[in-house]
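Asks: I'm passing along work_16.cif; it holds mmCIF, C-alpha atoms.
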```
data_input
loop_
_atom_site.group_PDB
_atom_site.id
_atom_site.type_symbol
_atom_site.label_atom_id
_atom_site.label_comp_id
_atom_site.auth_asym_id
_atom_site.auth_seq_id
_atom_site.Cartn_x
_atom_site.Cartn_y
_atom_site.Cartn_z
ATOM 1 C CA MET R 1 -31.639 -0.267 -23.364
ATOM 2 C CA ALA R 2 -31.150 -3.148 -25.802
ATOM 3 C CA GLN R 3 -27.601 -3.654 -24.508
ATOM 4 C CA LYS R 4 -28.868 -3.795 -20.920
ATOM 5 C CA GLU R 5 -31.530 -6.332 -21.841
ATOM 6 C CA THR R 6 -28.918 -8.445 -23.618
ATOM 7 C CA ALA R 7 -26.673 -8.343 -20.535
ATOM 8 C CA GLU R 8 -29.561 -9.319 -18.262
ATOM 9 C CA SER R 9 -30.528 -12.133 -20.595
ATOM 10 C CA SER R 10 -26.948 -13.380 -20.570
ATOM 11 C CA LEU R 11 -26.883 -13.326 -16.773
ATOM 12 C CA GLU R 12 -30.150 -15.245 -16.628
ATOM 13 C CA GLU R 13 -28.686 -17.903 -18.922
ATOM 14 C CA LEU R 14 -25.594 -18.175 -16.724
ATOM 15 C CA MET R 15 -27.846 -18.430 -13.679
ATOM 16 C CA ASP R 16 -29.811 -21.280 -15.224
ATOM 17 C CA ARG R 17 -26.624 -23.130 -16.094
ATOM 18 C CA TYR R 18 -25.277 -22.635 -12.580
ATOM 19 C CA LEU R 19 -28.451 -23.937 -10.929
ATOM 20 C CA GLN R 20 -28.294 -26.966 -13.216
ATOM 21 C CA GLY R 21 -24.858 -27.826 -11.817
ATOM 22 C CA ASN R 22 -22.473 -25.955 -14.121
ATOM 23 C CA THR R 23 -19.988 -24.478 -11.616
ATOM 24 C CA GLN R 24 -18.087 -22.741 -14.424
ATOM 25 C CA ALA R 25 -21.116 -20.496 -14.862
ATOM 26 C CA CYS R 26 -20.758 -19.107 -11.307
ATOM 27 C CA GLU R 27 -17.245 -17.885 -12.132
ATOM 28 C CA GLU R 28 -18.632 -15.934 -15.060
ATOM 29 C CA LEU R 29 -21.390 -14.506 -12.865
ATOM 30 C CA LEU R 30 -18.867 -13.312 -10.281
ATOM 31 C CA ILE R 31 -16.733 -11.347 -12.738
ATOM 32 C CA TYR R 32 -19.714 -9.159 -13.559
ATOM 33 C CA PRO R 33 -18.465 -5.520 -13.103
ATOM 34 C CA GLU R 34 -21.329 -4.371 -10.899
ATOM 35 C CA HIS R 35 -20.706 -7.236 -8.489
ATOM 36 C CA GLN R 36 -16.954 -6.525 -8.424
ATOM 37 C CA GLN R 37 -17.620 -2.839 -7.688
ATOM 38 C CA ARG R 38 -20.119 -3.707 -4.974
ATOM 39 C CA VAL R 39 -17.561 -5.893 -3.174
ATOM 40 C CA GLU R 40 -14.990 -3.116 -3.478
ATOM 41 C CA ARG R 41 -17.369 -0.643 -1.823
ATOM 42 C CA ILE R 42 -18.095 -3.121 0.967
ATOM 43 C CA ALA R 43 -14.362 -3.674 1.496
ATOM 44 C CA ARG R 44 -13.569 0.044 1.613
ATOM 45 C CA LYS R 45 -16.376 0.722 4.080
ATOM 46 C CA ASN R 46 -15.583 -2.098 6.499
ATOM 47 C CA THR R 47 -11.790 -1.665 6.539
ATOM 48 C CA LYS R 48 -11.823 2.098 6.982
ATOM 49 C CA GLY R 49 -9.859 3.047 10.088
ATOM 50 C CA THR R 50 -8.330 -0.424 10.426
ATOM 51 C CA ILE R 51 -4.918 -1.881 9.583
ATOM 52 C CA VAL R 52 -6.469 -4.173 6.971
ATOM 53 C CA SER R 53 -6.140 -2.941 3.378
ATOM 54 C CA TRP R 54 -9.364 -2.876 1.415
ATOM 55 C CA GLU R 55 -7.616 -4.558 -1.525
ATOM 56 C CA ASP R 56 -6.686 -7.595 0.594
ATOM 57 C CA ALA R 57 -10.155 -7.687 2.109
ATOM 58 C CA ALA R 58 -11.814 -7.556 -1.316
ATOM 59 C CA GLN R 59 -9.581 -10.320 -2.651
ATOM 60 C CA ASN R 60 -10.375 -12.558 0.319
ATOM 61 C CA ALA R 61 -14.070 -11.842 -0.138
ATOM 62 C CA HIS R 62 -14.010 -12.739 -3.835
ATOM 63 C CA LEU R 63 -12.294 -16.048 -3.079
ATOM 64 C CA LYS R 64 -14.765 -16.812 -0.288
ATOM 65 C CA VAL R 65 -17.776 -16.117 -2.511
ATOM 66 C CA LEU R 66 -16.317 -18.171 -5.350
ATOM 67 C CA GLN R 67 -15.650 -21.099 -3.041
ATOM 68 C CA ALA R 68 -19.170 -20.910 -1.570
ATOM 69 C CA ALA R 69 -20.706 -20.716 -5.056
ATOM 70 C CA ARG R 70 -18.694 -23.692 -6.275
ATOM 71 C CA ASN R 71 -19.914 -25.642 -3.258
ATOM 72 C CA LYS R 72 -23.470 -24.764 -4.284
ATOM 73 C CA ARG R 73 -24.253 -22.812 -1.135
ATOM 74 C CA PHE R 74 -26.676 -20.722 -3.194
ATOM 75 C CA ARG R 75 -29.647 -22.920 -4.075
ATOM 76 C CA ARG R 76 -32.717 -20.777 -4.758
ATOM 77 C CA GLY R 77 -33.560 -17.628 -6.622
ATOM 78 C CA GLY R 78 -32.615 -15.732 -9.712
ATOM 79 C CA VAL R 79 -29.891 -13.287 -10.657
ATOM 80 C CA LYS R 80 -30.875 -10.584 -8.148
ATOM 81 C CA GLU R 81 -31.040 -13.075 -5.285
ATOM 82 C CA PHE R 82 -27.698 -14.543 -6.290
ATOM 83 C CA TYR R 83 -25.892 -11.206 -6.229
ATOM 84 C CA ARG R 84 -27.613 -10.254 -2.969
ATOM 85 C CA TRP R 85 -26.366 -13.529 -1.478
ATOM 86 C CA ALA R 86 -22.858 -13.001 -2.903
ATOM 87 C CA ALA R 87 -22.681 -9.499 -1.392
ATOM 88 C CA ALA R 88 -23.734 -10.851 2.022
ATOM 89 C CA VAL R 89 -21.099 -13.600 1.898
ATOM 90 C CA ALA R 90 -18.464 -11.037 0.890
ATOM 91 C CA GLN R 91 -19.418 -8.658 3.707
ATOM 92 C CA ASN R 92 -19.358 -11.404 6.345
ATOM 93 C CA GLU R 93 -15.935 -12.518 5.161
ATOM 94 C CA ILE R 94 -14.525 -8.978 5.298
ATOM 95 C CA ILE R 95 -15.952 -8.300 8.760
ATOM 96 C CA ASP R 96 -14.544 -11.610 9.993
ATOM 97 C CA LEU R 97 -11.124 -10.768 8.523
ATOM 98 C CA VAL R 98 -11.042 -7.380 10.260
ATOM 99 C CA ARG R 99 -12.053 -8.924 13.598
ATOM 100 C CA LYS R 100 -9.388 -11.638 13.339
ATOM 101 C CA GLU R 101 -6.689 -9.101 12.525
ATOM 102 C CA LYS R 102 -7.778 -6.917 15.433
ATOM 103 C CA ARG R 103 -7.574 -9.873 17.848
ATOM 104 C CA ARG R 104 -4.154 -10.815 16.446
ATOM 105 C CA GLN R 105 -2.872 -7.270 16.987
ATOM 106 C CA GLU R 106 -4.253 -7.162 20.523
ATOM 107 C CA GLN R 107 -2.527 -10.457 21.362
ATOM 108 C CA TRP R 108 0.718 -9.215 19.839
ATOM 109 C CA ILE R 109 0.609 -5.961 21.813
ATOM 110 C CA SER R 110 -0.259 -7.795 25.043
ATOM 111 C CA LYS R 111 2.688 -10.129 24.564
ATOM 112 C CA SER R 112 5.052 -7.299 23.653
ATOM 113 C CA LEU R 113 4.078 -5.215 26.675
ATOM 114 C CA ASP R 114 5.246 -8.043 28.930
ATOM 115 C CA GLN R 115 8.824 -7.578 27.690
ATOM 116 C CA LEU R 116 11.479 -5.459 29.362
ATOM 117 C CA ILE R 117 12.423 -2.055 28.005
ATOM 118 C CA PRO R 118 15.968 -2.356 26.578
ATOM 119 C CA GLY R 119 18.557 -1.228 29.106
ATOM 120 C CA THR R 120 16.124 -1.177 32.041
ATOM 121 C CA HIS R 121 14.429 -3.546 34.476
ATOM 122 C CA MET R 122 10.978 -2.167 33.677
ATOM 123 C CA LEU R 123 8.256 -3.845 31.657
ATOM 124 C CA GLN R 124 6.862 -2.065 28.609
ATOM 125 C CA SER R 125 3.416 -2.094 30.256
ATOM 126 C CA GLU R 126 4.693 -0.216 33.313
ATOM 127 C CA ILE R 127 5.134 3.025 31.416
ATOM 128 C CA ILE R 128 1.895 3.008 29.408
ATOM 129 C CA ALA R 129 -0.380 5.812 30.540
ATOM 130 C CA ASP R 130 -4.101 5.145 30.149
ATOM 131 C CA GLY R 131 -5.919 7.822 28.196
ATOM 132 C CA PHE R 132 -2.786 9.469 26.794
ATOM 133 C CA ASN R 133 -4.334 11.634 24.083
ATOM 134 C CA LEU R 134 -1.314 11.390 21.822
ATOM 135 C CA PHE R 135 -2.278 7.778 21.107
ATOM 136 C CA ASP R 136 -5.504 8.992 19.500
ATOM 137 C CA ALA R 137 -3.545 10.805 16.791
ATOM 138 C CA VAL R 138 -3.082 7.637 14.753
ATOM 139 C CA GLU R 139 -4.995 4.370 14.411
ATOM 140 C CA ARG R 140 -2.296 1.769 14.030
ATOM 141 C CA ALA R 141 -2.087 -0.680 16.898
ATOM 142 C CA ASP R 142 1.724 -0.656 17.181
ATOM 143 C CA LEU R 143 1.802 3.061 18.077
ATOM 144 C CA VAL R 144 1.661 2.191 21.775
ATOM 145 C CA LEU R 145 4.847 0.159 21.531
ATOM 146 C CA LYS R 146 6.515 2.819 19.418
ATOM 147 C CA ALA R 147 5.644 5.390 22.082
ATOM 148 C CA VAL R 148 7.200 3.210 24.790
ATOM 149 C CA GLU R 149 10.357 2.828 22.734
ATOM 150 C CA ALA R 150 10.389 6.568 22.081
ATOM 151 C CA ILE R 151 10.204 7.353 25.818
ATOM 152 C CA ALA R 152 13.116 5.030 26.574
ATOM 153 C CA LYS R 153 15.141 6.541 23.720
ATOM 154 C CA ILE R 154 14.395 10.106 24.785
ATOM 155 C CA ASP R 155 15.354 9.263 28.369
ATOM 156 C CA GLN R 156 18.726 7.984 27.162
ATOM 157 C CA CYS R 157 19.293 11.115 25.068
ATOM 158 C CA TYR R 158 18.503 13.396 28.014
ATOM 159 C CA PRO R 159 19.651 11.419 31.094
ATOM 160 C CA THR R 160 19.634 14.453 33.392
ATOM 161 C CA ARG R 161 15.974 15.260 32.712
ATOM 162 C CA GLY R 162 14.583 12.099 34.327
ATOM 163 C CA TYR R 163 11.927 11.622 31.639
ATOM 164 C CA LEU R 164 11.424 7.900 32.224
ATOM 165 C CA LYS R 165 10.980 8.434 35.966
ATOM 166 C CA LEU R 166 8.632 11.315 35.236
ATOM 167 C CA TRP R 167 6.512 9.196 32.876
ATOM 168 C CA THR R 168 6.437 6.298 35.318
ATOM 169 C CA GLY R 169 5.268 8.616 38.080
ATOM 170 C CA ARG R 170 2.542 9.936 35.802
ATOM 171 C CA VAL R 171 1.336 6.390 35.081
ATOM 172 C CA GLN R 172 1.311 5.660 38.824
ATOM 173 C CA GLU R 173 -0.910 8.751 39.268
ATOM 174 C CA LYS R 174 1.554 10.549 41.500
ATOM 175 C CA THR R 175 1.211 14.313 41.901
ATOM 176 C CA GLN R 176 3.735 16.770 40.548
ATOM 177 C CA GLN R 177 4.745 17.550 44.113
ATOM 178 C CA GLN R 178 5.448 13.884 44.869
ATOM 179 C CA ILE R 179 7.547 13.444 41.749
ATOM 180 C CA ALA R 180 9.332 16.731 42.396
ATOM 181 C CA LEU R 181 10.383 15.478 45.829
ATOM 182 C CA GLU R 182 11.635 12.196 44.371
ATOM 183 C CA VAL R 183 13.560 13.865 41.565
ATOM 184 C CA GLY R 184 14.831 16.719 43.717
ATOM 185 C CA VAL R 185 13.484 19.645 41.702
ATOM 186 C CA THR R 186 10.604 22.104 42.000
ATOM 187 C CA GLN R 187 7.039 21.371 41.003
ATOM 188 C CA GLY R 188 7.315 24.021 38.304
ATOM 189 C CA GLU R 189 10.315 22.218 36.831
ATOM 190 C CA ILE R 190 8.373 18.927 36.774
ATOM 191 C CA SER R 191 5.540 20.624 34.898
ATOM 192 C CA LYS R 192 8.037 22.065 32.424
ATOM 193 C CA ARG R 193 9.724 18.695 31.847
ATOM 194 C CA TRP R 194 6.377 16.981 31.328
ATOM 195 C CA GLN R 195 5.507 19.389 28.527
ATOM 196 C CA GLU R 196 8.954 18.850 27.044
ATOM 197 C CA LEU R 197 8.474 15.092 27.114
ATOM 198 C CA LEU R 198 5.091 15.214 25.383
ATOM 199 C CA GLY R 199 6.523 17.368 22.623
ATOM 200 C CA ARG R 200 9.539 15.122 22.153
ATOM 201 C CA ILE R 201 7.408 11.968 22.038
ATOM 202 C CA ALA R 202 5.199 13.540 19.384
ATOM 203 C CA GLU R 203 8.227 14.627 17.379
ATOM 204 C CA GLU R 204 9.926 11.227 17.742
ATOM 205 C CA LEU R 205 6.824 9.426 16.475
ATOM 206 C CA GLY R 206 6.364 11.819 13.589
ATOM 207 C CA VAL R 207 2.918 12.788 14.827
ATOM 208 C CA LEU R 208 3.967 16.433 14.842
ATOM 209 C CA GLN R 209 6.457 18.306 12.711
ATOM 210 C CA PRO R 210 9.161 20.420 14.463
ATOM 211 C CA GLU R 211 7.232 23.647 13.837
ATOM 212 C CA ASP R 212 4.093 22.060 15.278
ATOM 213 C CA VAL R 213 6.023 21.053 18.384
ATOM 214 C CA LYS R 214 7.176 24.653 18.870
ATOM 215 C CA GLN R 215 3.580 25.840 18.697
ATOM 216 C CA LEU R 216 2.505 23.049 21.073
ATOM 217 C CA LYS R 217 5.186 24.027 23.574
ATOM 218 C CA ALA R 218 4.121 27.692 23.428
ATOM 219 C CA THR R 219 0.497 26.753 24.075
ATOM 220 C CA GLN R 220 1.438 24.366 26.866
ATOM 221 C CA LYS R 221 3.637 27.019 28.501
ATOM 222 C CA GLN R 222 0.694 29.413 28.643
ATOM 223 C CA ARG R 223 -1.494 26.724 30.189
ATOM 224 C CA ALA R 224 1.229 25.807 32.716
ATOM 225 C CA VAL R 225 1.390 29.390 33.934
ATOM 226 C CA ARG R 226 -2.366 29.407 34.550
ATOM 227 C CA SER R 227 -2.426 26.026 36.335
ATOM 228 C CA ARG R 228 0.898 26.000 38.193
ATOM 229 C CA SER R 229 -0.810 26.159 41.568
ATOM 230 C CA ASP R 230 -2.581 22.852 40.937
ATOM 231 C CA ALA R 231 -0.649 20.095 42.690
ATOM 232 C CA ARG R 232 -2.293 17.301 40.735
ATOM 233 C CA TRP R 233 -2.046 16.447 36.990
#
```
Any chance you could give the structure as structure tokens?
Replies:
Amino acid sequence: MAQKETAESSLEELMDRYLQGNTQACEELLIYPEHQQRVERIARKNTKGTIVSWEDAAQNAHLKVLQAARNKRFRRGGVKEFYRWAAAVAQNEIIDLVRKEKRRQEQWISKSLDQLIPGTHMLQSEIIADGFNLFDAVERADLVLKAVEAIAKIDQCYPTRGYLKLWTGRVQEKTQQQIALEVGVTQGEISKRWQELLGRIAEELGVLQPEDVKQLKATQKQRAVRSRSDARW
């Protein structure tokens, strides 16, 4: 208890010095362990599920708070109010960082999707299927582009299977019957190739291991048998 009171007294002294214009005192206030841990928790919480590392976010937040404190943005209150203010500044900085990075990734993806697929005359965006559940397996923004590259690569490895044409038809919302007529095979064969393609994309991206793909194919084969009479996807 005595140690806690001593620590609180020390913080109050630092606070008084800071409010009197001693900016060095704010640096000592901001290295207080409880404040450092609080910023870390805020960073972990707000970067979860994003491509921003919590360590980078926390570092940016500490610098932002230090800069604001040096500029005397905090003007009223005691120790509790100061740390409450510092936590708010840190959180706003982290949220802003995550939003900026998200916008940057979206712009990068948009620009990349306007490029041609190597070896073809098709744009990357032309073979992106909306709502493709495989994309939900990971959270990194560049997965979409990796999937596009994987489809083109798989198509080159299996030129007789017509995977790229099959995927493009799927994106254009054509029925299996329509694609079957264009490719010159049966509807059942189109259904089979579609399941093959999904498994190979997953394997290429590392979303599924080879044994998982085998299980996926077995499950998909059972479903295909039950729904083969359905002409639409």
Asks: Which residues, written as a PDB file with C-alpha atoms, keeping the file's coordinate frame, have at least one atom at most 9 Å from Ile42 of chain R, with all atoms listed in the file counted and residues fewer than 6 positions away on the same chain left out?
Replies:
```pdb
ATOM      1  CA  TRP R  54      -9.364  -2.876   1.415  1.00  0.00           C
ATOM      2  CA  ALA R  58     -11.814  -7.556  -1.316  1.00  0.00           C
ATOM      3  CA  ALA R  87     -22.681  -9.499  -1.392  1.00  0.00           C
ATOM      4  CA  ALA R  90     -18.464 -11.037   0.890  1.00  0.00           C
ATOM      5  CA  GLN R  91     -19.418  -8.658   3.707  1.00  0.00           C
ATOM      6  CA  ILE R  94     -14.525  -8.978   5.298  1.00  0.00           C
TER       7      ILE R  94
END
```
Asks: I'd like the residues picked by the PyMOL selection byres ((chain R and resi 77-79) around 10) written out as a short mmCIF file (atom, residue, chain, number, x, y, z; two decimals) with C-alpha atoms, in the coordinates of the input, using the chain letters and numbers from the file.
Replies:
```cif
data_model
loop_
_atom_site.label_atom_id
_atom_site.label_comp_id
_atom_site.auth_asym_id
_atom_site.auth_seq_id
_atom_site.Cartn_x
_atom_site.Cartn_y
_atom_site.Cartn_z
CA GLU R 8 -29.56 -9.32 -18.26
CA LEU R 11 -26.88 -13.33 -16.77
CA GLU R 12 -30.15 -15.24 -16.63
CA GLU R 13 -28.69 -17.90 -18.92
CA LEU R 14 -25.59 -18.18 -16.72
CA MET R 15 -27.85 -18.43 -13.68
CA ASP R 16 -29.81 -21.28 -15.22
CA LEU R 19 -28.45 -23.94 -10.93
CA LEU R 29 -21.39 -14.51 -12.86
CA PHE R 74 -26.68 -20.72 -3.19
CA ARG R 75 -29.65 -22.92 -4.08
CA ARG R 76 -32.72 -20.78 -4.76
CA LYS R 80 -30.88 -10.58 -8.15
CA GLU R 81 -31.04 -13.08 -5.28
CA PHE R 82 -27.70 -14.54 -6.29
CA TYR R 83 -25.89 -11.21 -6.23
CA ARG R 84 -27.61 -10.25 -2.97
CA TRP R 85 -26.37 -13.53 -1.48
#
```
Asks: So, with only C-alpha atoms as the atoms that count, which of R:His35, R:Glu149, R:Lys48, R:Ser10 lies closest to Ile201 of chain R?
Replies: R:Glu149
Asks: What is the distance between atom CA of Gly184 of chain R and atom CA of Gly162 of chain R, in Å to one decimal?
Replies: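 The value is 10.5 Å.
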Asks: Could you list, as a VMD selection string, every residue within 10 Å of Val65 of chain R, counting all atoms listed in the file and ignoring same-chain residues fewer than 2 positions away?
Replies: chain R and resid 26 to 27 30 60 to 63 67 to 71 73 85 to 91 93
Asks: Near Gln176 of chain R, within 6 Å and counting all atoms listed in the file, which residues show up once chain neighbours fewer than 2 positions away are dropped, as a PDB file with C-alpha atoms, keeping the file's coordinate frame?
Replies:
```pdb
ATOM      1  CA  GLN R 178       5.448  13.884  44.869  1.00  0.00           C
ATOM      2  CA  ILE R 179       7.547  13.444  41.749  1.00  0.00           C
ATOM      3  CA  ALA R 180       9.332  16.731  42.396  1.00  0.00           C
ATOM      4  CA  GLN R 187       7.039  21.371  41.003  1.00  0.00           C
ATOM      5  CA  ALA R 231      -0.649  20.095  42.690  1.00  0.00           C
TER       6      ALA R 231
END
```
Asks: When you count only C-alpha atoms, which of these residues is closest to Glu28 of chain R: R:Leu66, R:Ser53, R:Glu196, R:Lys45?
Replies: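 Distance minimum relative to Glu28 of chain R lands on R:Leu66.
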Asks: Report, in Å with one decimal, the straight-line distance from atom CA of Ala43 of chain R to atom CA of Ala57 of chain R.
Replies: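 These atoms are spaced 5.8 Å apart.
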Asks: Taking into account only C-alpha atoms, which residue in the set R:Arg200, R:Lys64, R:Arg161, R:Arg41 is nearest to Asn92 of chain R?
Replies: R:Lys64
Asks: List the residues selected by the PyMOL selection byres ((chain R and resi 194) around 12) in the file shown, writing them as a ChimeraX atom specification.
Replies: /R:151,161-170,176,179-180,187-193,195-201,217,220-221,224,233
Asks: Next, the residues of the selection above should be written as a compact mmCIF listing (two decimals), keeping the file's coordinate frame with C-alpha atoms.
Replies:
```txt
# COMPACT_ATOMS: atom_id res chain seq x y z
CA ILE R 151 10.20 7.35 25.82
CA ARG R 161 15.97 15.26 32.71
CA GLY R 162 14.58 12.10 34.33
CA TYR R 163 11.93 11.62 31.64
CA LEU R 164 11.42 7.90 32.22
CA LYS R 165 10.98 8.43 35.97
CA LEU R 166 8.63 11.32 35.24
CA TRP R 167 6.51 9.20 32.88
CA THR R 168 6.44 6.30 35.32
CA GLY R 169 5.27 8.62 38.08
CA ARG R 170 2.54 9.94 35.80
CA GLN R 176 3.74 16.77 40.55
CA ILE R 179 7.55 13.44 41.75
CA ALA R 180 9.33 16.73 42.40
CA GLN R 187 7.04 21.37 41.00
CA GLY R 188 7.32 24.02 38.30
CA GLU R 189 10.32 22.22 36.83
CA ILE R 190 8.37 18.93 36.77
CA SER R 191 5.54 20.62 34.90
CA LYS R 192 8.04 22.06 32.42
CA ARG R 193 9.72 18.70 31.85
CA GLN R 195 5.51 19.39 28.53
CA GLU R 196 8.95 18.85 27.04
CA LEU R 197 8.47 15.09 27.11
CA LEU R 198 5.09 15.21 25.38
CA GLY R 199 6.52 17.37 22.62
CA ARG R 200 9.54 15.12 22.15
CA ILE R 201 7.41 11.97 22.04
CA LYS R 217 5.19 24.03 23.57
CA GLN R 220 1.44 24.37 26.87
CA LYS R 221 3.64 27.02 28.50
CA ALA R 224 1.23 25.81 32.72
CA TRP R 233 -2.05 16.45 36.99
```
Asks: Go through R:Glu173, R:Glu34, R:Glu204, R:Glu182 one by one, measure the shortest atom-to-atom distance of each to Ala150 of chain R using all atoms listed in the file, and give the residue with the smallest value.
Replies: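 Using all atoms listed in the file, the shortest distance to Ala150 of chain R belongs to R:Glu204.
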Asks: Once 4 Å is added on each side, what are the centre and the three edge lengths, in Å to one decimal, of the axis-aligned box enclosing the listed atoms of segment 195-203 of chain R? Present them as lines of an AutoDock Vina configuration file.
Replies:
```
center_x = 7.3
center_y = 15.7
center_z = 23.0
size_x = 12.4
size_y = 15.4
size_z = 19.1
```
Asks: Find the distance between atom CA of Val52 of chain R and atom CA of Glu101 of chain R and write it in Å to one decimal.
Replies: 7.4 Å
Asks: Of the residues R:Ala202, R:Lys72, R:Arg99, R:Ala152, which is the one nearest to Gly21 of chain R, using all atoms listed in the file?
Replies: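 Among R:Ala202, R:Lys72, R:Arg99, R:Ala152, it is R:Lys72 that comes nearest to Gly21 of chain R.
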Asks: With only C-alpha atoms as the basis for distance, which of R:Val98, R:Tyr32, R:Leu205, R:Pro159 is at the shortest distance from Gly49 of chain R?
Replies: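 For Gly49 of chain R, the nearest of the candidates is R:Val98.
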